[in-house]
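start09.tsv (TSV, N, CA and C atoms) appears below.
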chain	number	residue	atom	x	y	z
A	1	GLN	N	-1.99	-17.73	-19.89
A	1	GLN	CA	-2.03	-17.09	-18.58
A	1	GLN	C	-1.23	-15.79	-18.63
A	2	VAL	N	-1.84	-14.73	-18.20
A	2	VAL	CA	-1.19	-13.43	-18.21
A	2	VAL	C	-0.30	-13.29	-16.98
A	3	GLN	N	0.93	-12.89	-17.20
A	3	GLN	CA	1.86	-12.69	-16.10
A	3	GLN	C	2.58	-11.36	-16.26
A	4	LEU	N	2.76	-10.67	-15.14
A	4	LEU	CA	3.50	-9.43	-15.10
A	4	LEU	C	4.61	-9.58	-14.07
A	5	VAL	N	5.81	-9.22	-14.45
A	5	VAL	CA	6.95	-9.36	-13.56
A	5	VAL	C	7.68	-8.03	-13.48
A	6	GLU	N	7.70	-7.47	-12.26
A	6	GLU	CA	8.42	-6.22	-12.02
A	6	GLU	C	9.86	-6.51	-11.65
A	7	SER	N	10.73	-5.58	-11.97
A	7	SER	CA	12.13	-5.69	-11.57
A	7	SER	C	12.71	-4.29	-11.43
A	8	GLY	N	13.86	-4.22	-10.76
A	8	GLY	CA	14.55	-2.94	-10.63
A	8	GLY	C	14.40	-2.27	-9.28
A	9	GLY	N	13.70	-2.90	-8.37
A	9	GLY	CA	13.58	-2.33	-7.04
A	9	GLY	C	14.86	-2.46	-6.25
A	10	GLY	N	14.87	-1.84	-5.08
A	10	GLY	CA	16.04	-1.93	-4.22
A	10	GLY	C	16.14	-0.76	-3.27
A	11	LEU	N	17.33	-0.57	-2.76
A	11	LEU	CA	17.60	0.50	-1.80
A	11	LEU	C	18.34	1.63	-2.50
A	12	VAL	N	17.88	2.84	-2.30
A	12	VAL	CA	18.52	4.00	-2.91
A	12	VAL	C	18.48	5.16	-1.93
A	13	GLN	N	19.45	6.03	-2.02
A	13	GLN	CA	19.47	7.20	-1.14
A	13	GLN	C	18.55	8.29	-1.67
A	14	ALA	N	18.08	9.09	-0.79
A	14	ALA	CA	17.24	10.22	-1.19
A	14	ALA	C	17.98	11.08	-2.21
A	15	GLY	N	17.24	11.50	-3.21
A	15	GLY	CA	17.84	12.27	-4.29
A	15	GLY	C	18.32	11.42	-5.45
A	16	GLY	N	18.37	10.14	-5.24
A	16	GLY	CA	18.86	9.24	-6.26
A	16	GLY	C	17.79	8.87	-7.27
A	17	SER	N	18.17	7.99	-8.20
A	17	SER	CA	17.28	7.56	-9.26
A	17	SER	C	17.24	6.05	-9.34
A	18	LEU	N	16.14	5.57	-9.88
A	18	LEU	CA	15.98	4.13	-10.04
A	18	LEU	C	14.96	3.90	-11.15
A	19	ARG	N	15.19	2.90	-11.98
A	19	ARG	CA	14.23	2.59	-13.02
A	19	ARG	C	13.62	1.20	-12.77
A	20	LEU	N	12.32	1.17	-12.76
A	20	LEU	CA	11.60	-0.08	-12.64
A	20	LEU	C	11.18	-0.56	-14.02
A	21	SER	N	11.14	-1.87	-14.18
A	21	SER	CA	10.66	-2.47	-15.42
A	21	SER	C	9.55	-3.45	-15.09
A	22	CYS	N	8.67	-3.64	-16.04
A	22	CYS	CA	7.60	-4.61	-15.88
A	22	CYS	C	7.39	-5.28	-17.23
A	23	THR	N	7.61	-6.57	-17.26
A	23	THR	CA	7.47	-7.32	-18.50
A	23	THR	C	6.21	-8.19	-18.42
A	24	THR	N	5.43	-8.13	-19.49
A	24	THR	CA	4.16	-8.85	-19.55
A	24	THR	C	4.23	-10.00	-20.53
A	25	SER	N	3.60	-11.09	-20.20
A	25	SER	CA	3.48	-12.22	-21.11
A	25	SER	C	2.06	-12.75	-21.06
A	26	GLY	N	1.69	-13.47	-22.13
A	26	GLY	CA	0.36	-14.07	-22.18
A	26	GLY	C	-0.73	-13.16	-22.68
A	27	ARG	N	-0.35	-11.98	-23.15
A	27	ARG	CA	-1.35	-11.04	-23.67
A	27	ARG	C	-0.68	-10.18	-24.72
A	28	ALA	N	-1.48	-9.70	-25.67
A	28	ALA	CA	-0.95	-8.79	-26.69
A	28	ALA	C	-0.69	-7.43	-26.04
A	29	PHE	N	0.52	-7.27	-25.57
A	29	PHE	CA	0.90	-6.12	-24.75
A	29	PHE	C	0.50	-4.79	-25.38
A	30	SER	N	0.70	-4.65	-26.68
A	30	SER	CA	0.51	-3.36	-27.33
A	30	SER	C	-0.95	-2.91	-27.38
A	31	MET	N	-1.86	-3.75	-26.99
A	31	MET	CA	-3.28	-3.41	-27.04
A	31	MET	C	-3.80	-2.81	-25.74
A	32	TYR	N	-2.99	-2.84	-24.69
A	32	TYR	CA	-3.50	-2.50	-23.36
A	32	TYR	C	-2.72	-1.39	-22.69
A	33	ASP	N	-3.46	-0.55	-21.98
A	33	ASP	CA	-2.83	0.44	-21.12
A	33	ASP	C	-2.06	-0.27	-20.01
A	34	MET	N	-1.07	0.43	-19.49
A	34	MET	CA	-0.30	-0.10	-18.36
A	34	MET	C	-0.28	0.94	-17.25
A	35	GLY	N	-0.41	0.46	-16.04
A	35	GLY	CA	-0.40	1.37	-14.90
A	35	GLY	C	0.63	0.97	-13.86
A	36	TRP	N	1.03	1.95	-13.08
A	36	TRP	CA	1.92	1.73	-11.94
A	36	TRP	C	1.21	2.21	-10.68
A	37	PHE	N	1.29	1.41	-9.65
A	37	PHE	CA	0.73	1.74	-8.36
A	37	PHE	C	1.76	1.43	-7.29
A	38	ARG	N	1.53	1.94	-6.10
A	38	ARG	CA	2.44	1.63	-5.00
A	38	ARG	C	1.66	1.55	-3.70
A	39	GLN	N	2.24	0.82	-2.78
A	39	GLN	CA	1.62	0.68	-1.46
A	39	GLN	C	2.70	0.79	-0.41
A	40	ALA	N	2.58	1.81	0.40
A	40	ALA	CA	3.51	2.01	1.50
A	40	ALA	C	2.99	1.28	2.74
A	41	PRO	N	3.86	0.98	3.67
A	41	PRO	CA	3.42	0.27	4.89
A	41	PRO	C	2.29	1.01	5.60
A	42	GLY	N	1.24	0.30	5.88
A	42	GLY	CA	0.12	0.89	6.61
A	42	GLY	C	-0.79	1.78	5.79
A	43	LYS	N	-0.56	1.83	4.49
A	43	LYS	CA	-1.37	2.69	3.63
A	43	LYS	C	-2.03	1.87	2.53
A	44	GLU	N	-3.03	2.46	1.91
A	44	GLU	CA	-3.69	1.81	0.81
A	44	GLU	C	-2.86	1.95	-0.47
A	45	ARG	N	-3.10	1.06	-1.38
A	45	ARG	CA	-2.43	1.13	-2.66
A	45	ARG	C	-2.91	2.37	-3.41
A	46	GLU	N	-1.96	3.08	-4.01
A	46	GLU	CA	-2.30	4.32	-4.68
A	46	GLU	C	-1.72	4.36	-6.09
A	47	PHE	N	-2.37	5.14	-6.91
A	47	PHE	CA	-1.95	5.32	-8.30
A	47	PHE	C	-0.66	6.13	-8.36
A	48	VAL	N	0.22	5.73	-9.28
A	48	VAL	CA	1.47	6.45	-9.48
A	48	VAL	C	1.53	7.03	-10.90
A	49	ALA	N	1.37	6.16	-11.90
A	49	ALA	CA	1.51	6.60	-13.28
A	49	ALA	C	0.84	5.59	-14.20
A	50	ALA	N	0.56	6.03	-15.41
A	50	ALA	CA	-0.03	5.14	-16.40
A	50	ALA	C	0.34	5.61	-17.80
A	51	ILE	N	0.27	4.69	-18.74
A	51	ILE	CA	0.58	5.02	-20.12
A	51	ILE	C	-0.42	4.30	-21.02
A	52	ARG	N	-0.90	5.02	-21.98
A	52	ARG	CA	-1.88	4.45	-22.90
A	52	ARG	C	-1.25	3.36	-23.76
A	53	TRP	N	-2.06	2.51	-24.31
A	53	TRP	CA	-1.59	1.36	-25.08
A	53	TRP	C	-0.68	1.76	-26.24
A	54	ASN	N	-0.93	2.95	-26.81
A	54	ASN	CA	-0.11	3.38	-27.95
A	54	ASN	C	1.06	4.26	-27.52
A	55	GLY	N	1.20	4.49	-26.23
A	55	GLY	CA	2.31	5.29	-25.73
A	55	GLY	C	2.15	6.78	-25.89
A	56	ARG	N	1.03	7.24	-26.42
A	56	ARG	CA	0.87	8.66	-26.73
A	56	ARG	C	0.34	9.49	-25.58
A	57	ASN	N	-0.17	8.85	-24.58
A	57	ASN	CA	-0.71	9.57	-23.43
A	57	ASN	C	-0.20	8.96	-22.15
A	58	THR	N	0.13	9.83	-21.22
A	58	THR	CA	0.55	9.39	-19.89
A	58	THR	C	-0.20	10.19	-18.84
A	59	ASP	N	-0.19	9.66	-17.64
A	59	ASP	CA	-0.82	10.36	-16.51
A	59	ASP	C	-0.01	10.06	-15.27
A	60	TYR	N	0.04	11.02	-14.36
A	60	TYR	CA	0.84	10.87	-13.16
A	60	TYR	C	0.09	11.39	-11.95
A	61	ALA	N	0.37	10.77	-10.83
A	61	ALA	CA	-0.12	11.32	-9.58
A	61	ALA	C	0.60	12.63	-9.30
A	62	GLY	N	-0.09	13.52	-8.63
A	62	GLY	CA	0.50	14.82	-8.35
A	62	GLY	C	1.80	14.74	-7.56
A	63	SER	N	1.90	13.74	-6.70
A	63	SER	CA	3.07	13.62	-5.84
A	63	SER	C	4.33	13.21	-6.58
A	64	VAL	N	4.18	12.69	-7.80
A	64	VAL	CA	5.35	12.23	-8.55
A	64	VAL	C	5.55	12.99	-9.84
A	65	LYS	N	4.62	13.82	-10.20
A	65	LYS	CA	4.70	14.55	-11.47
A	65	LYS	C	5.97	15.40	-11.50
A	66	GLY	N	6.69	15.31	-12.59
A	66	GLY	CA	7.94	16.03	-12.72
A	66	GLY	C	9.16	15.24	-12.25
A	67	ARG	N	8.92	14.17	-11.50
A	67	ARG	CA	10.03	13.34	-11.00
A	67	ARG	C	10.02	11.95	-11.63
A	68	PHE	N	8.85	11.44	-11.91
A	68	PHE	CA	8.71	10.10	-12.48
A	68	PHE	C	8.30	10.20	-13.95
A	69	THR	N	8.77	9.25	-14.73
A	69	THR	CA	8.39	9.16	-16.14
A	69	THR	C	8.12	7.70	-16.50
A	70	THR	N	6.99	7.46	-17.11
A	70	THR	CA	6.69	6.11	-17.56
A	70	THR	C	6.79	6.05	-19.09
A	71	SER	N	7.26	4.93	-19.58
A	71	SER	CA	7.38	4.72	-21.01
A	71	SER	C	7.17	3.25	-21.29
A	72	ARG	N	7.05	2.92	-22.55
A	72	ARG	CA	6.84	1.51	-22.89
A	72	ARG	C	7.55	1.16	-24.18
A	73	ASP	N	7.92	-0.10	-24.26
A	73	ASP	CA	8.52	-0.66	-25.47
A	73	ASP	C	7.63	-1.83	-25.86
A	74	ASN	N	6.75	-1.61	-26.80
A	74	ASN	CA	5.79	-2.66	-27.17
A	74	ASN	C	6.48	-3.86	-27.80
A	75	ALA	N	7.61	-3.65	-28.44
A	75	ALA	CA	8.35	-4.76	-29.04
A	75	ALA	C	8.89	-5.71	-27.97
A	76	LYS	N	9.14	-5.16	-26.78
A	76	LYS	CA	9.67	-5.97	-25.68
A	76	LYS	C	8.61	-6.31	-24.64
A	77	SER	N	7.38	-5.87	-24.89
A	77	SER	CA	6.29	-6.10	-23.94
A	77	SER	C	6.65	-5.62	-22.55
A	78	THR	N	7.30	-4.47	-22.50
A	78	THR	CA	7.82	-3.97	-21.24
A	78	THR	C	7.42	-2.51	-21.03
A	79	VAL	N	7.06	-2.20	-19.82
A	79	VAL	CA	6.79	-0.82	-19.43
A	79	VAL	C	7.82	-0.43	-18.37
A	80	TYR	N	8.19	0.84	-18.38
A	80	TYR	CA	9.22	1.33	-17.48
A	80	TYR	C	8.69	2.47	-16.62
A	81	LEU	N	9.30	2.60	-15.45
A	81	LEU	CA	9.02	3.74	-14.59
A	81	LEU	C	10.36	4.30	-14.13
A	82	GLN	N	10.76	5.40	-14.73
A	82	GLN	CA	12.00	6.07	-14.34
A	82	GLN	C	11.67	7.03	-13.21
A	83	ARG	N	12.37	6.87	-12.12
A	83	ARG	CA	12.09	7.68	-10.94
A	83	ARG	C	13.32	8.44	-10.53
A	84	ASN	N	13.22	9.75	-10.55
A	84	ASN	CA	14.32	10.63	-10.19
A	84	ASN	C	13.98	11.42	-8.94
A	85	SER	N	14.99	12.02	-8.36
A	85	SER	CA	14.80	12.85	-7.16
A	85	SER	C	13.97	12.12	-6.12
A	86	LEU	N	14.36	10.91	-5.84
A	86	LEU	CA	13.57	10.09	-4.93
A	86	LEU	C	13.58	10.64	-3.51
A	87	LYS	N	12.46	10.44	-2.84
A	87	LYS	CA	12.28	10.91	-1.48
A	87	LYS	C	11.96	9.73	-0.58
A	88	PRO	N	12.22	9.83	0.70
A	88	PRO	CA	11.87	8.74	1.61
A	88	PRO	C	10.39	8.35	1.52
A	89	GLU	N	9.53	9.30	1.25
A	89	GLU	CA	8.10	8.99	1.14
A	89	GLU	C	7.75	8.21	-0.11
A	90	ASP	N	8.72	8.01	-1.01
A	90	ASP	CA	8.51	7.15	-2.16
A	90	ASP	C	8.72	5.68	-1.82
A	91	THR	N	9.14	5.41	-0.61
A	91	THR	CA	9.34	4.04	-0.17
A	91	THR	C	8.01	3.28	-0.19
A	92	ALA	N	7.99	2.17	-0.91
A	92	ALA	CA	6.75	1.40	-1.06
A	92	ALA	C	7.04	0.15	-1.88
A	93	VAL	N	6.06	-0.70	-1.95
A	93	VAL	CA	6.07	-1.79	-2.93
A	93	VAL	C	5.39	-1.25	-4.18
A	94	TYR	N	6.07	-1.37	-5.30
A	94	TYR	CA	5.56	-0.85	-6.56
A	94	TYR	C	5.00	-2.00	-7.40
A	95	TYR	N	3.82	-1.77	-7.94
A	95	TYR	CA	3.14	-2.77	-8.75
A	95	TYR	C	2.86	-2.22	-10.15
A	96	CYS	N	2.97	-3.09	-11.13
A	96	CYS	CA	2.47	-2.73	-12.45
A	96	CYS	C	1.18	-3.51	-12.69
A	97	ALA	N	0.37	-2.98	-13.59
A	97	ALA	CA	-0.90	-3.60	-13.90
A	97	ALA	C	-1.24	-3.35	-15.36
A	98	THR	N	-1.99	-4.28	-15.93
A	98	THR	CA	-2.39	-4.14	-17.32
A	98	THR	C	-3.87	-3.86	-17.41
A	99	GLY	N	-4.23	-3.01	-18.37
A	99	GLY	CA	-5.61	-2.59	-18.49
A	99	GLY	C	-6.55	-3.73	-18.83
A	100	ARG	N	-7.78	-3.54	-18.47
A	100	ARG	CA	-8.79	-4.57	-18.64
A	100	ARG	C	-9.30	-4.65	-20.07
A	101	ARG	N	-9.36	-3.50	-20.75
A	101	ARG	CA	-9.97	-3.44	-22.08
A	101	ARG	C	-8.95	-3.04	-23.12
A	102	PRO	N	-8.91	-3.77	-24.25
A	102	PRO	CA	-7.97	-3.40	-25.30
A	102	PRO	C	-8.36	-2.11	-25.99
A	103	TYR	N	-7.34	-1.35	-26.38
A	103	TYR	CA	-7.54	-0.10	-27.11
A	103	TYR	C	-8.51	0.85	-26.40
A	104	TYR	N	-8.44	0.84	-25.10
A	104	TYR	CA	-9.33	1.68	-24.30
A	104	TYR	C	-8.95	3.14	-24.45
A	105	THR	N	-9.95	4.01	-24.59
A	105	THR	CA	-9.68	5.43	-24.79
A	105	THR	C	-10.09	6.29	-23.60
A	106	GLY	N	-10.54	5.66	-22.53
A	106	GLY	CA	-10.91	6.42	-21.36
A	106	GLY	C	-9.71	7.05	-20.66
A	107	SER	N	-9.97	8.01	-19.80
A	107	SER	CA	-8.89	8.73	-19.13
A	107	SER	C	-8.82	8.47	-17.64
A	108	ASP	N	-9.58	7.48	-17.17
A	108	ASP	CA	-9.61	7.18	-15.73
A	108	ASP	C	-8.44	6.30	-15.32
A	109	TYR	N	-7.25	6.74	-15.59
A	109	TYR	CA	-6.07	5.91	-15.36
A	109	TYR	C	-5.89	5.50	-13.90
A	110	SER	N	-6.31	6.34	-12.98
A	110	SER	CA	-6.06	6.08	-11.57
A	110	SER	C	-7.02	5.07	-10.95
A	111	GLU	N	-8.06	4.68	-11.68
A	111	GLU	CA	-9.04	3.74	-11.15
A	111	GLU	C	-8.48	2.33	-11.19
A	112	GLN	N	-8.35	1.71	-10.06
A	112	GLN	CA	-7.74	0.38	-10.01
A	112	GLN	C	-8.59	-0.66	-10.71
A	113	THR	N	-9.89	-0.43	-10.79
A	113	THR	CA	-10.77	-1.38	-11.47
A	113	THR	C	-10.56	-1.37	-12.98
A	114	ARG	N	-9.83	-0.41	-13.47
A	114	ARG	CA	-9.50	-0.33	-14.89
A	114	ARG	C	-8.52	-1.43	-15.30
A	115	TYR	N	-7.83	-1.99	-14.31
A	115	TYR	CA	-6.77	-2.97	-14.55
A	115	TYR	C	-7.20	-4.35	-14.05
A	116	ASP	N	-6.82	-5.39	-14.80
A	116	ASP	CA	-7.28	-6.71	-14.38
A	116	ASP	C	-6.17	-7.68	-14.01
A	117	TYR	N	-4.95	-7.42	-14.43
A	117	TYR	CA	-3.85	-8.29	-14.03
A	117	TYR	C	-2.76	-7.43	-13.39
A	118	TRP	N	-2.19	-8.00	-12.33
A	118	TRP	CA	-1.21	-7.26	-11.53
A	118	TRP	C	0.04	-8.10	-11.33
A	119	GLY	N	1.18	-7.40	-11.24
A	119	GLY	CA	2.40	-8.09	-10.84
A	119	GLY	C	2.43	-8.30	-9.34
A	120	LYS	N	3.44	-8.98	-8.88
A	120	LYS	CA	3.56	-9.27	-7.45
A	120	LYS	C	4.21	-8.13	-6.69
A	121	GLY	N	4.79	-7.19	-7.41
A	121	GLY	CA	5.36	-6.02	-6.78
A	121	GLY	C	6.85	-6.13	-6.55
A	122	THR	N	7.49	-4.97	-6.47
A	122	THR	CA	8.91	-4.91	-6.15
A	122	THR	C	9.13	-3.81	-5.11
A	123	GLN	N	9.92	-4.12	-4.11
A	123	GLN	CA	10.13	-3.20	-2.99
A	123	GLN	C	11.15	-2.13	-3.38
A	124	VAL	N	10.81	-0.91	-3.08
A	124	VAL	CA	11.73	0.21	-3.24
A	124	VAL	C	11.83	0.92	-1.89
A	125	THR	N	13.06	1.07	-1.43
A	125	THR	CA	13.30	1.75	-0.16
A	125	THR	C	14.23	2.93	-0.40
A	126	VAL	N	13.77	4.10	0.01
A	126	VAL	CA	14.56	5.32	-0.15
A	126	VAL	C	15.02	5.77	1.23
A	127	SER	N	16.32	5.79	1.42
A	127	SER	CA	16.86	6.18	2.73
A	127	SER	C	17.15	7.66	2.75
A	128	SER	N	16.99	8.24	3.92
A	128	SER	CA	17.21	9.69	4.06
A	128	SER	C	18.66	10.01	4.38

Rendering of file as structure tokens:
Amino acid sequence: QVQLVESGGGLVQAGGSLRLSCTTSGRAFSMYDMGWFRQAPGKEREFVAAIRWNGRNTDYAGSVKGRFTTSRDNAKSTVYLQRNSLKPEDTAVYYCATGRRPYYTGSDYSEQTRYDYWGKGTQVTVSS
């Protein structure tokens, strides 16, 4: 059974930093892309960032580019999302997801259908 567990959420002041982690089990982590999404209250879930299975390619939503960085440690089956210069509008539940196809070379990182397993999410609140 594939499981994804996010951690590192919490309350932070605007301008601060926070790193999220997502650990995967039940699947050969190094074979799959990993994505980060978020859902703010009253809004649809949106793409935040993604990293290719080999770690060589990343993609970011325009709203977080330059502030957020995703990375992965395949030995630990863990993906990270380092978030700097946080803004109140970054407040949301953050989810990680694992790609549907191993060794996928497509670039449609923001498509939610690209991912088949999701974590339960971790709340991040940025105060002004």

Which residues of stretch 22-43 of chain A come within 6 Å of stretch 84-107 of chain A, and what is each one's closest atom pair and distance in Å (one decimal), counting only C-alpha atoms, sorted by chain and residue number, as JSON lines?
{"residue": "A:Met31", "atom": "CA", "partner": "A:Pro102", "partner_atom": "CA", "distance": 5.0}
{"residue": "A:Tyr32", "atom": "CA", "partner": "A:Pro102", "partner_atom": "CA", "distance": 5.0}
{"residue": "A:Asp33", "atom": "CA", "partner": "A:Gly99", "partner_atom": "CA", "distance": 4.9}
{"residue": "A:Met34", "atom": "CA", "partner": "A:Thr98", "partner_atom": "CA", "distance": 4.7}
{"residue": "A:Gly35", "atom": "CA", "partner": "A:Ala97", "partner_atom": "CA", "distance": 5.1}
{"residue": "A:Trp36", "atom": "CA", "partner": "A:Cys96", "partner_atom": "CA", "distance": 4.5}
{"residue": "A:Phe37", "atom": "CA", "partner": "A:Tyr95", "partner_atom": "CA", "distance": 5.1}
{"residue": "A:Arg38", "atom": "CA", "partner": "A:Tyr94", "partner_atom": "CA", "distance": 4.3}
{"residue": "A:Gln39", "atom": "CA", "partner": "A:Ala92", "partner_atom": "CA", "distance": 5.2}
{"residue": "A:Ala40", "atom": "CA", "partner": "A:Ala92", "partner_atom": "CA", "distance": 4.2}

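Nearest residue to A:Ser21, choosing from A:Leu81, A:Val2, A:Ala75, A:Ile51 and counting only C-alpha atoms: A:Leu81.
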
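For the pair atom C of A:Pro41 and atom N of A:Val124, the interatomic distance is 12.3 Å.
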
Residues within 7 Å of (-1.9, 6.3, -16.1), file coords, all atoms listed in the file, listed as a count of residues only: 15

Go through A:Thr70, A:Ser63, A:Thr122, A:Thr78 one by one, measure the shortest atom-to-atom distance of each to A:Cys22 using all atoms listed in the file, and give the residue with the smallest value. A:Thr78

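For the pair atom CA of A:Gly26 and atom CA of A:Gly121, the separation is 18.1 Å.
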
Place N, CA, C and O atoms on stretch 62-79 of chain A and deliver the coordinates as a PDB file, keeping the file's coordinate frame.
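Once everything was written out, this is part.pdb:
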ATOM      1  N   GLY A  62      -0.090  13.520  -8.630  1.00  0.00           N
ATOM      2  CA  GLY A  62       0.500  14.820  -8.350  1.00  0.00           C
ATOM      3  C   GLY A  62       1.800  14.740  -7.560  1.00  0.00           C
ATOM      4  O   GLY A  62       2.709  15.551  -7.750  1.00  0.00           O
ATOM      5  N   SER A  63       1.900  13.740  -6.700  1.00  0.00           N
ATOM      6  CA  SER A  63       3.070  13.620  -5.840  1.00  0.00           C
ATOM      7  C   SER A  63       4.330  13.210  -6.580  1.00  0.00           C
ATOM      8  O   SER A  63       5.439  13.360  -6.058  1.00  0.00           O
ATOM      9  N   VAL A  64       4.180  12.690  -7.800  1.00  0.00           N
ATOM     10  CA  VAL A  64       5.350  12.230  -8.550  1.00  0.00           C
ATOM     11  C   VAL A  64       5.550  12.990  -9.840  1.00  0.00           C
ATOM     12  O   VAL A  64       6.571  12.808 -10.509  1.00  0.00           O
ATOM     13  N   LYS A  65       4.620  13.820 -10.200  1.00  0.00           N
ATOM     14  CA  LYS A  65       4.700  14.550 -11.470  1.00  0.00           C
ATOM     15  C   LYS A  65       5.970  15.400 -11.500  1.00  0.00           C
ATOM     16  O   LYS A  65       6.286  16.104 -10.543  1.00  0.00           O
ATOM     17  N   GLY A  66       6.690  15.310 -12.590  1.00  0.00           N
ATOM     18  CA  GLY A  66       7.940  16.030 -12.720  1.00  0.00           C
ATOM     19  C   GLY A  66       9.160  15.240 -12.250  1.00  0.00           C
ATOM     20  O   GLY A  66      10.294  15.601 -12.566  1.00  0.00           O
ATOM     21  N   ARG A  67       8.920  14.170 -11.500  1.00  0.00           N
ATOM     22  CA  ARG A  67      10.030  13.340 -11.000  1.00  0.00           C
ATOM     23  C   ARG A  67      10.020  11.950 -11.630  1.00  0.00           C
ATOM     24  O   ARG A  67      11.079  11.354 -11.820  1.00  0.00           O
ATOM     25  N   PHE A  68       8.850  11.440 -11.910  1.00  0.00           N
ATOM     26  CA  PHE A  68       8.710  10.100 -12.480  1.00  0.00           C
ATOM     27  C   PHE A  68       8.300  10.200 -13.950  1.00  0.00           C
ATOM     28  O   PHE A  68       7.521  11.095 -14.329  1.00  0.00           O
ATOM     29  N   THR A  69       8.770   9.250 -14.730  1.00  0.00           N
ATOM     30  CA  THR A  69       8.390   9.160 -16.140  1.00  0.00           C
ATOM     31  C   THR A  69       8.120   7.700 -16.500  1.00  0.00           C
ATOM     32  O   THR A  69       8.965   6.845 -16.224  1.00  0.00           O
ATOM     33  N   THR A  70       6.990   7.460 -17.110  1.00  0.00           N
ATOM     34  CA  THR A  70       6.690   6.110 -17.560  1.00  0.00           C
ATOM     35  C   THR A  70       6.790   6.050 -19.090  1.00  0.00           C
ATOM     36  O   THR A  70       6.443   7.026 -19.774  1.00  0.00           O
ATOM     37  N   SER A  71       7.260   4.930 -19.580  1.00  0.00           N
ATOM     38  CA  SER A  71       7.380   4.720 -21.010  1.00  0.00           C
ATOM     39  C   SER A  71       7.170   3.250 -21.290  1.00  0.00           C
ATOM     40  O   SER A  71       7.118   2.434 -20.357  1.00  0.00           O
ATOM     41  N   ARG A  72       7.050   2.920 -22.550  1.00  0.00           N
ATOM     42  CA  ARG A  72       6.840   1.510 -22.890  1.00  0.00           C
ATOM     43  C   ARG A  72       7.550   1.160 -24.180  1.00  0.00           C
ATOM     44  O   ARG A  72       7.743   2.000 -25.052  1.00  0.00           O
ATOM     45  N   ASP A  73       7.920  -0.100 -24.260  1.00  0.00           N
ATOM     46  CA  ASP A  73       8.520  -0.660 -25.470  1.00  0.00           C
ATOM     47  C   ASP A  73       7.630  -1.830 -25.860  1.00  0.00           C
ATOM     48  O   ASP A  73       7.748  -2.918 -25.288  1.00  0.00           O
ATOM     49  N   ASN A  74       6.750  -1.610 -26.800  1.00  0.00           N
ATOM     50  CA  ASN A  74       5.790  -2.660 -27.170  1.00  0.00           C
ATOM     51  C   ASN A  74       6.480  -3.860 -27.800  1.00  0.00           C
ATOM     52  O   ASN A  74       5.999  -4.985 -27.694  1.00  0.00           O
ATOM     53  N   ALA A  75       7.610  -3.650 -28.440  1.00  0.00           N
ATOM     54  CA  ALA A  75       8.350  -4.760 -29.040  1.00  0.00           C
ATOM     55  C   ALA A  75       8.890  -5.710 -27.970  1.00  0.00           C
ATOM     56  O   ALA A  75       9.078  -6.899 -28.218  1.00  0.00           O
ATOM     57  N   LYS A  76       9.140  -5.160 -26.780  1.00  0.00           N
ATOM     58  CA  LYS A  76       9.670  -5.970 -25.680  1.00  0.00           C
ATOM     59  C   LYS A  76       8.610  -6.310 -24.640  1.00  0.00           C
ATOM     60  O   LYS A  76       8.927  -6.921 -23.620  1.00  0.00           O
ATOM     61  N   SER A  77       7.380  -5.870 -24.890  1.00  0.00           N
ATOM     62  CA  SER A  77       6.290  -6.100 -23.940  1.00  0.00           C
ATOM     63  C   SER A  77       6.650  -5.620 -22.550  1.00  0.00           C
ATOM     64  O   SER A  77       6.358  -6.276 -21.539  1.00  0.00           O
ATOM     65  N   THR A  78       7.300  -4.470 -22.500  1.00  0.00           N
ATOM     66  CA  THR A  78       7.820  -3.970 -21.240  1.00  0.00           C
ATOM     67  C   THR A  78       7.420  -2.510 -21.030  1.00  0.00           C
ATOM     68  O   THR A  78       7.483  -1.712 -21.983  1.00  0.00           O
ATOM     69  N   VAL A  79       7.060  -2.200 -19.820  1.00  0.00           N
ATOM     70  CA  VAL A  79       6.790  -0.820 -19.430  1.00  0.00           C
ATOM     71  C   VAL A  79       7.820  -0.430 -18.370  1.00  0.00           C
ATOM     72  O   VAL A  79       8.251  -1.283 -17.579  1.00  0.00           O
TER      73      VAL A  79
END
